[in-house]
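Student: First the structure, then my questions, so here it is.
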Amino acid sequence: MQPKSTLVLFATAALLAALASASASEYSAKVPACVAGTAALLSEFTLDDGSAPAVQQTEVHVCYTNKGFNITFDCADNNIHNPYTDCNDPLYQYSVVEAFLAPADDVKNPPYKYVEIEVAPTGALFVANIVNTNGECSGISDELIPCNATEIAWSATRDDANNYWGANLFVPFSLFDHYGKNWQGNFFRIDTPKGQSKEYSCWSPTMASPACFHRPKYFGSLVLA
């Protein structure tokens, strides 16, 4: 997969200005059926604490079929690195993309159970059922799911010459106890721009410092259109 023409390596000042007026409730998307290449575009990733745009930007494209979600990550990255290659390795220690998803039983309250899915540039997959008792990283427990038991289809591509890597996921609805039209979720990225510190970025910033992705009250709303 080649880099998207709209994907930029460095975030703009306009995005930085927009962060000041953004709130968690603004992170919502209508997810279309996967027809003729249509998908919801989730972009303009910000640092986990909401302080600034991510240096290296990410685009997420999401659509659905009658069996599950199709999710594509496009990542600008001038320092692609993750040594892990096996199922459920600790991919989150290096370059990785992540999706947290849960059926929205009550759209007014955050979920305390959700599925965490990660893909590394090496093509390694991580999948876990998460129980989060207090809505913070300190409250999580996970149950790792063998990758070949998930019915997830996944792949990763990288193009170091063009500072790009990407991941494709099919996430089956069968991975969840139940499902419907309304979902809550968030999309994340960990990377280390060349010569800079590691950055943790999100579609919907979780307003945590140090970084913590496991704050479901900041999950965005995903509605199947």
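To be explicit about the labels: the chains of the structure tokens are called A, B, and onward in the order shown, and within each one the residues are counted from 1, while ligands get numbers from 1 in the order they are shown.
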Can you pull out the residues contacting Pro110 (chain A)? Cut-off 8 Å, using only C-alpha atoms, and skip same-chain residues under 6 positions away; I want them as a list in words.

Tutor: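 Using only C-alpha atoms, the neighbours found are Gln184, Pro216, Lys217, Tyr218 and Phe219 of chain A.
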
Student: The selected residues should be written to file as a compact mmCIF listing (two decimals), in the first residue's frame (atoms: C-alpha atoms).

Tutor:
```txt
# COMPACT_ATOMS: atom_id res chain seq x y z
CA GLN A 184 -17.61 3.02 21.58
CA PRO A 216 -12.79 4.55 28.27
CA LYS A 217 -14.59 7.74 29.28
CA TYR A 218 -12.67 9.31 26.40
CA PHE A 219 -13.68 6.71 23.84
```

Student: Run DSSP on the backbone of this structure and report the residues of region 17-223 of chain A it assigns to strand (DSSP E), as an MDAnalysis selection string.

Tutor: chainID A and resid 28:31 40:42 46:47 58:64 68:76 96:103 113:119 125:132 140:144 153:159 164:172 182:191 199:202 220:223

Student: Please report as a tab-separated table every residue of region 146-222 of chain A lying within 7 Å of region 48-54 of chain A, along with the nearest atom pair and their distance in Å (one decimal), using only C-alpha atoms.

Tutor:
```
residue	atom	partner	partner_atom	distance
A:Tyr200	CA	A:Asp48	CA	5.6
A:Ser201	CA	A:Asp48	CA	4.9
A:Cys202	CA	A:Asp48	CA	5.8
A:Pro205	CA	A:Asp48	CA	4.8
A:Thr206	CA	A:Asp48	CA	5.5
A:Met207	CA	A:Asp49	CA	3.9
A:Ala208	CA	A:Asp49	CA	4.7
A:Ser209	CA	A:Asp49	CA	5.8
A:Ala211	CA	A:Asp48	CA	5.9
```

Student: Hey, what does DSSP flag as helix (DSSP H, G or I) within region 16-82 of chain A? Can you give it to me as a PyMOL selection string?

Tutor: chain A and resi 16-19+24-26

Student: Those residues with all heavy atoms, as a compact mmCIF listing (two decimals), in the first residue's frame please?

Tutor:
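To be explicit, this is the file written out as out_29.txt:
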```txt
# COMPACT_ATOMS: atom_id res chain seq x y z
N LEU A 16 -3.14 22.27 15.93
CA LEU A 16 -2.80 22.66 17.30
C LEU A 16 -3.82 23.65 17.84
O LEU A 16 -4.27 23.55 18.98
CB LEU A 16 -1.39 23.27 17.33
CG LEU A 16 -0.88 23.76 18.68
CD1 LEU A 16 -0.88 22.62 19.69
CD2 LEU A 16 0.51 24.35 18.54
N ALA A 17 -4.23 24.62 17.03
CA ALA A 17 -5.21 25.60 17.47
C ALA A 17 -6.56 24.96 17.73
O ALA A 17 -7.28 25.33 18.66
CB ALA A 17 -5.34 26.70 16.42
N ALA A 18 -6.90 23.97 16.92
CA ALA A 18 -8.21 23.32 17.07
C ALA A 18 -8.31 22.53 18.35
O ALA A 18 -9.41 22.35 18.90
CB ALA A 18 -8.47 22.41 15.87
N LEU A 19 -7.19 22.04 18.88
CA LEU A 19 -7.23 21.24 20.09
C LEU A 19 -7.81 21.99 21.28
O LEU A 19 -8.43 21.41 22.16
CB LEU A 19 -5.82 20.75 20.44
CG LEU A 19 -5.24 19.68 19.55
CD1 LEU A 19 -3.80 19.40 19.95
CD2 LEU A 19 -6.07 18.43 19.60
N ALA A 24 -14.16 15.62 24.39
CA ALA A 24 -14.32 14.19 24.12
C ALA A 24 -15.61 13.92 23.35
O ALA A 24 -15.66 13.02 22.51
CB ALA A 24 -14.31 13.41 25.43
N SER A 25 -16.66 14.69 23.63
CA SER A 25 -17.94 14.45 22.99
C SER A 25 -17.90 14.72 21.48
O SER A 25 -18.78 14.29 20.75
CB SER A 25 -19.02 15.33 23.63
OG SER A 25 -18.72 16.69 23.45
N GLU A 26 -16.87 15.45 21.02
CA GLU A 26 -16.77 15.76 19.60
C GLU A 26 -16.20 14.61 18.78
O GLU A 26 -16.23 14.64 17.55
CB GLU A 26 -15.89 17.00 19.40
CG GLU A 26 -16.51 18.27 19.97
CD GLU A 26 -15.58 19.46 19.81
OE1 GLU A 26 -14.70 19.43 18.94
OE2 GLU A 26 -15.75 20.43 20.57
```

Student: Which residue, A:Lys198, A:His81, A:Lys113, A:Lys67, has the smallest gap to Arg215 (chain A) when you use only C-alpha atoms?

Tutor: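 Of all the options, A:Lys113 lies closest to Arg215 (chain A).
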
Student: For Ala39 (chain A), please output as a PyMOL selection string all residues within 8 Å (counting only C-alpha atoms; exclusion window: fewer than 3 positions along the same chain).

Tutor: chain A and resi 31-34+61-63

Student: Please produce a file of the residues just selected, as a PDB file, in the first residue's frame, where the atoms kept are all heavy atoms.

Tutor:
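Resulting contents of result_10.pdb:
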```pdb
ATOM      1  N   VAL A  31     -20.084   5.305  10.685  1.00  0.00           N
ATOM      2  CA  VAL A  31     -19.303   4.302   9.965  1.00  0.00           C
ATOM      3  C   VAL A  31     -20.169   3.708   8.859  1.00  0.00           C
ATOM      4  O   VAL A  31     -21.192   3.079   9.139  1.00  0.00           O
ATOM      5  CB  VAL A  31     -18.815   3.198  10.921  1.00  0.00           C
ATOM      6  CG1 VAL A  31     -18.030   2.143  10.151  1.00  0.00           C
ATOM      7  CG2 VAL A  31     -17.953   3.806  12.027  1.00  0.00           C
ATOM      8  N   PRO A  32     -19.784   3.883   7.603  1.00  0.00           N
ATOM      9  CA  PRO A  32     -20.616   3.376   6.491  1.00  0.00           C
ATOM     10  C   PRO A  32     -20.355   1.906   6.206  1.00  0.00           C
ATOM     11  O   PRO A  32     -19.343   1.332   6.625  1.00  0.00           O
ATOM     12  CB  PRO A  32     -20.167   4.247   5.316  1.00  0.00           C
ATOM     13  CG  PRO A  32     -18.715   4.494   5.603  1.00  0.00           C
ATOM     14  CD  PRO A  32     -18.613   4.628   7.109  1.00  0.00           C
ATOM     15  N   ALA A  33     -21.274   1.308   5.483  1.00  0.00           N
ATOM     16  CA  ALA A  33     -21.036  -0.033   4.970  1.00  0.00           C
ATOM     17  C   ALA A  33     -19.901   0.013   3.957  1.00  0.00           C
ATOM     18  O   ALA A  33     -19.671   1.029   3.294  1.00  0.00           O
ATOM     19  CB  ALA A  33     -22.311  -0.580   4.336  1.00  0.00           C
ATOM     20  N   CYS A  34     -19.175  -1.092   3.846  1.00  0.00           N
ATOM     21  CA  CYS A  34     -18.026  -1.169   2.937  1.00  0.00           C
ATOM     22  C   CYS A  34     -18.506  -1.397   1.503  1.00  0.00           C
ATOM     23  O   CYS A  34     -18.493  -2.520   0.999  1.00  0.00           O
ATOM     24  CB  CYS A  34     -17.096  -2.287   3.358  1.00  0.00           C
ATOM     25  SG  CYS A  34     -16.424  -2.145   5.021  1.00  0.00           S
ATOM     26  N   HIS A  61      -9.168   4.422   8.532  1.00  0.00           N
ATOM     27  CA  HIS A  61     -10.346   4.294   7.681  1.00  0.00           C
ATOM     28  C   HIS A  61     -11.161   3.112   8.195  1.00  0.00           C
ATOM     29  O   HIS A  61     -10.625   2.007   8.345  1.00  0.00           O
ATOM     30  CB  HIS A  61      -9.932   4.060   6.226  1.00  0.00           C
ATOM     31  CG  HIS A  61      -9.015   5.119   5.692  1.00  0.00           C
ATOM     32  ND1 HIS A  61      -9.454   6.143   4.879  1.00  0.00           N
ATOM     33  CD2 HIS A  61      -7.686   5.323   5.871  1.00  0.00           C
ATOM     34  CE1 HIS A  61      -8.437   6.929   4.569  1.00  0.00           C
ATOM     35  NE2 HIS A  61      -7.351   6.449   5.156  1.00  0.00           N
ATOM     36  N   VAL A  62     -12.459   3.343   8.467  1.00  0.00           N
ATOM     37  CA  VAL A  62     -13.306   2.310   9.066  1.00  0.00           C
ATOM     38  C   VAL A  62     -14.599   2.174   8.279  1.00  0.00           C
ATOM     39  O   VAL A  62     -15.273   3.167   7.981  1.00  0.00           O
ATOM     40  CB  VAL A  62     -13.651   2.651  10.534  1.00  0.00           C
ATOM     41  CG1 VAL A  62     -14.364   1.469  11.193  1.00  0.00           C
ATOM     42  CG2 VAL A  62     -12.420   3.026  11.329  1.00  0.00           C
ATOM     43  N   CYS A  63     -14.954   0.943   7.959  1.00  0.00           N
ATOM     44  CA  CYS A  63     -16.261   0.626   7.397  1.00  0.00           C
ATOM     45  C   CYS A  63     -16.678  -0.732   7.963  1.00  0.00           C
ATOM     46  O   CYS A  63     -15.930  -1.361   8.716  1.00  0.00           O
ATOM     47  CB  CYS A  63     -16.253   0.646   5.880  1.00  0.00           C
ATOM     48  SG  CYS A  63     -15.176  -0.584   5.101  1.00  0.00           S
TER      49      CYS A  63
END
```

Student: Residues within 9 Å of Thr72 (chain A), please, as a PyMOL selection string. Count only C-alpha atoms; anything in the same chain fewer than 5 positions from it doesn't count.

Tutor: chain A and resi 59-62+166-170

Student: How many Å separate CA of Trp203 (chain A) from CA of Phe45 (chain A)?

Tutor: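 CA of Trp203 (chain A) sits 4.9 Å away from CA of Phe45 (chain A).
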
Student: Set out as a Markdown table a contact list for region 130-210 of chain A and region 96-104 of chain A with a cut-off of 6 Å, giving each residue of region 130-210 of chain A that qualifies its closest atom pair and distance in Å to one decimal, counting only C-alpha atoms, ordered by chain and rising residue number.

Tutor:
```
| residue | atom | partner | partner_atom | distance |
| --- | --- | --- | --- | --- |
| A:Tyr179 | CA | A:Pro103 | CA | 5.4 |
| A:Asn182 | CA | A:Ala104 | CA | 5.3 |
| A:Trp183 | CA | A:Pro103 | CA | 4.4 |
| A:Gln184 | CA | A:Ala102 | CA | 5.4 |
| A:Gly185 | CA | A:Leu101 | CA | 4.4 |
| A:Asn186 | CA | A:Phe100 | CA | 5.3 |
| A:Phe187 | CA | A:Ala99 | CA | 4.6 |
| A:Phe188 | CA | A:Glu98 | CA | 4.9 |
| A:Arg189 | CA | A:Val97 | CA | 4.5 |
| A:Ile190 | CA | A:Val96 | CA | 5.4 |
```

Student: Go ahead and dump the residues you just picked, N, CA, C and O atoms, as a short mmCIF file (atom, residue, chain, number, x, y, z; two decimals), in the first residue's frame.

Tutor:
```cif
data_model
loop_
_atom_site.label_atom_id
_atom_site.label_comp_id
_atom_site.auth_asym_id
_atom_site.auth_seq_id
_atom_site.Cartn_x
_atom_site.Cartn_y
_atom_site.Cartn_z
N TYR A 179 -23.58 -7.35 19.68
CA TYR A 179 -23.27 -6.12 18.95
C TYR A 179 -24.55 -5.55 18.37
O TYR A 179 -25.57 -6.24 18.26
N ASN A 182 -24.65 0.79 17.73
CA ASN A 182 -23.84 1.75 18.47
C ASN A 182 -22.62 1.09 19.11
O ASN A 182 -22.74 0.04 19.75
N TRP A 183 -21.48 1.76 18.93
CA TRP A 183 -20.22 1.27 19.48
C TRP A 183 -19.47 2.42 20.15
O TRP A 183 -19.71 3.59 19.84
N GLN A 184 -18.58 2.07 21.05
CA GLN A 184 -17.61 3.02 21.58
C GLN A 184 -16.21 2.49 21.31
O GLN A 184 -15.99 1.27 21.31
N GLY A 185 -15.29 3.39 21.04
CA GLY A 185 -13.95 2.93 20.74
C GLY A 185 -12.96 4.06 20.59
O GLY A 185 -13.33 5.24 20.62
N ASN A 186 -11.71 3.67 20.45
CA ASN A 186 -10.66 4.65 20.22
C ASN A 186 -9.54 3.97 19.43
O ASN A 186 -9.45 2.74 19.38
N PHE A 187 -8.71 4.80 18.81
CA PHE A 187 -7.63 4.32 17.96
C PHE A 187 -6.34 5.02 18.37
O PHE A 187 -6.35 6.25 18.61
N PHE A 188 -5.27 4.25 18.45
CA PHE A 188 -4.05 4.74 19.06
C PHE A 188 -2.82 4.40 18.20
O PHE A 188 -2.86 3.52 17.36
N ARG A 189 -1.75 5.08 18.53
CA ARG A 189 -0.48 4.87 17.83
C ARG A 189 0.66 5.13 18.81
O ARG A 189 0.60 6.08 19.61
N ILE A 190 1.67 4.29 18.77
CA ILE A 190 2.92 4.53 19.48
C ILE A 190 4.04 4.56 18.45
O ILE A 190 4.13 3.67 17.59
#
```

Student: Near Ile152 (chain A), within 10 Å and counting only C-alpha atoms, which residues show up once chain neighbours fewer than 6 positions away are dropped, as a ChimeraX atom specification?

Tutor: /A:68-69,117,125,127,169-175

Student: Please produce a file of those selected residues containing N, CA, C and O atoms, as a PDB file, in the first residue's frame.

Tutor:
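For reference, again_27.pdb as written:
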```
ATOM      1  N   GLY A  68     -18.399  -7.796  10.221  1.00  0.00           N
ATOM      2  CA  GLY A  68     -17.438  -7.135  11.086  1.00  0.00           C
ATOM      3  C   GLY A  68     -16.916  -5.831  10.511  1.00  0.00           C
ATOM      4  O   GLY A  68     -17.397  -5.339   9.485  1.00  0.00           O
ATOM      5  N   PHE A  69     -15.923  -5.288  11.194  1.00  0.00           N
ATOM      6  CA  PHE A  69     -15.291  -4.023  10.800  1.00  0.00           C
ATOM      7  C   PHE A  69     -14.093  -4.275   9.889  1.00  0.00           C
ATOM      8  O   PHE A  69     -13.296  -5.181  10.138  1.00  0.00           O
ATOM      9  N   ILE A 117      -6.906  -4.521  20.260  1.00  0.00           N
ATOM     10  CA  ILE A 117      -6.269  -5.160  19.110  1.00  0.00           C
ATOM     11  C   ILE A 117      -5.093  -4.296  18.676  1.00  0.00           C
ATOM     12  O   ILE A 117      -5.229  -3.078  18.544  1.00  0.00           O
ATOM     13  N   LEU A 125       0.387  -9.629  15.631  1.00  0.00           N
ATOM     14  CA  LEU A 125      -0.931  -9.249  16.148  1.00  0.00           C
ATOM     15  C   LEU A 125      -0.987  -9.491  17.650  1.00  0.00           C
ATOM     16  O   LEU A 125      -0.410 -10.457  18.162  1.00  0.00           O
ATOM     17  N   VAL A 127      -4.116  -9.464  20.692  1.00  0.00           N
ATOM     18  CA  VAL A 127      -5.559  -9.369  20.936  1.00  0.00           C
ATOM     19  C   VAL A 127      -5.840  -9.744  22.387  1.00  0.00           C
ATOM     20  O   VAL A 127      -5.350 -10.776  22.870  1.00  0.00           O
ATOM     21  N   LEU A 169      -7.014  -4.502   9.026  1.00  0.00           N
ATOM     22  CA  LEU A 169      -7.668  -5.408   9.966  1.00  0.00           C
ATOM     23  C   LEU A 169      -9.090  -5.703   9.509  1.00  0.00           C
ATOM     24  O   LEU A 169      -9.813  -4.787   9.093  1.00  0.00           O
ATOM     25  N   PHE A 170      -9.485  -6.948   9.624  1.00  0.00           N
ATOM     26  CA  PHE A 170     -10.905  -7.289   9.638  1.00  0.00           C
ATOM     27  C   PHE A 170     -11.202  -7.796  11.039  1.00  0.00           C
ATOM     28  O   PHE A 170     -10.612  -8.790  11.491  1.00  0.00           O
ATOM     29  N   VAL A 171     -12.086  -7.092  11.754  1.00  0.00           N
ATOM     30  CA  VAL A 171     -12.431  -7.434  13.135  1.00  0.00           C
ATOM     31  C   VAL A 171     -13.849  -7.988  13.150  1.00  0.00           C
ATOM     32  O   VAL A 171     -14.818  -7.245  12.959  1.00  0.00           O
ATOM     33  N   PRO A 172     -14.012  -9.293  13.352  1.00  0.00           N
ATOM     34  CA  PRO A 172     -15.352  -9.886  13.261  1.00  0.00           C
ATOM     35  C   PRO A 172     -16.226  -9.518  14.459  1.00  0.00           C
ATOM     36  O   PRO A 172     -15.749  -9.416  15.591  1.00  0.00           O
ATOM     37  N   PHE A 173     -17.498  -9.334  14.186  1.00  0.00           N
ATOM     38  CA  PHE A 173     -18.448  -9.094  15.278  1.00  0.00           C
ATOM     39  C   PHE A 173     -18.488 -10.272  16.242  1.00  0.00           C
ATOM     40  O   PHE A 173     -18.832 -10.109  17.419  1.00  0.00           O
ATOM     41  N   SER A 174     -18.127 -11.461  15.769  1.00  0.00           N
ATOM     42  CA  SER A 174     -18.146 -12.650  16.622  1.00  0.00           C
ATOM     43  C   SER A 174     -17.140 -12.576  17.764  1.00  0.00           C
ATOM     44  O   SER A 174     -17.195 -13.376  18.698  1.00  0.00           O
ATOM     45  N   LEU A 175     -16.232 -11.614  17.693  1.00  0.00           N
ATOM     46  CA  LEU A 175     -15.253 -11.428  18.769  1.00  0.00           C
ATOM     47  C   LEU A 175     -15.897 -10.846  20.026  1.00  0.00           C
ATOM     48  O   LEU A 175     -15.317 -10.905  21.110  1.00  0.00           O
TER      49      LEU A 175
END
```

Student: What gap, in Å, lies between CA of Asp106 (chain A) and CA of Ser138 (chain A)?

Tutor: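 Separation between CA of Asp106 (chain A) and CA of Ser138 (chain A): 23.3 Å.
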
Student: One decimal, in Å: what's the spacing between CA of Thr38 (chain A) and CA of Asn70 (chain A)?

Tutor: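 CA of Thr38 (chain A) sits 10.7 Å away from CA of Asn70 (chain A).
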
Student: Of the candidates A:Val55, A:Ser155, A:Thr150, A:Tyr27, which one gets nearest to Glu116 (chain A) if we count only C-alpha atoms?

Tutor: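 Under the stated criterion, the closest residue is A:Thr150.
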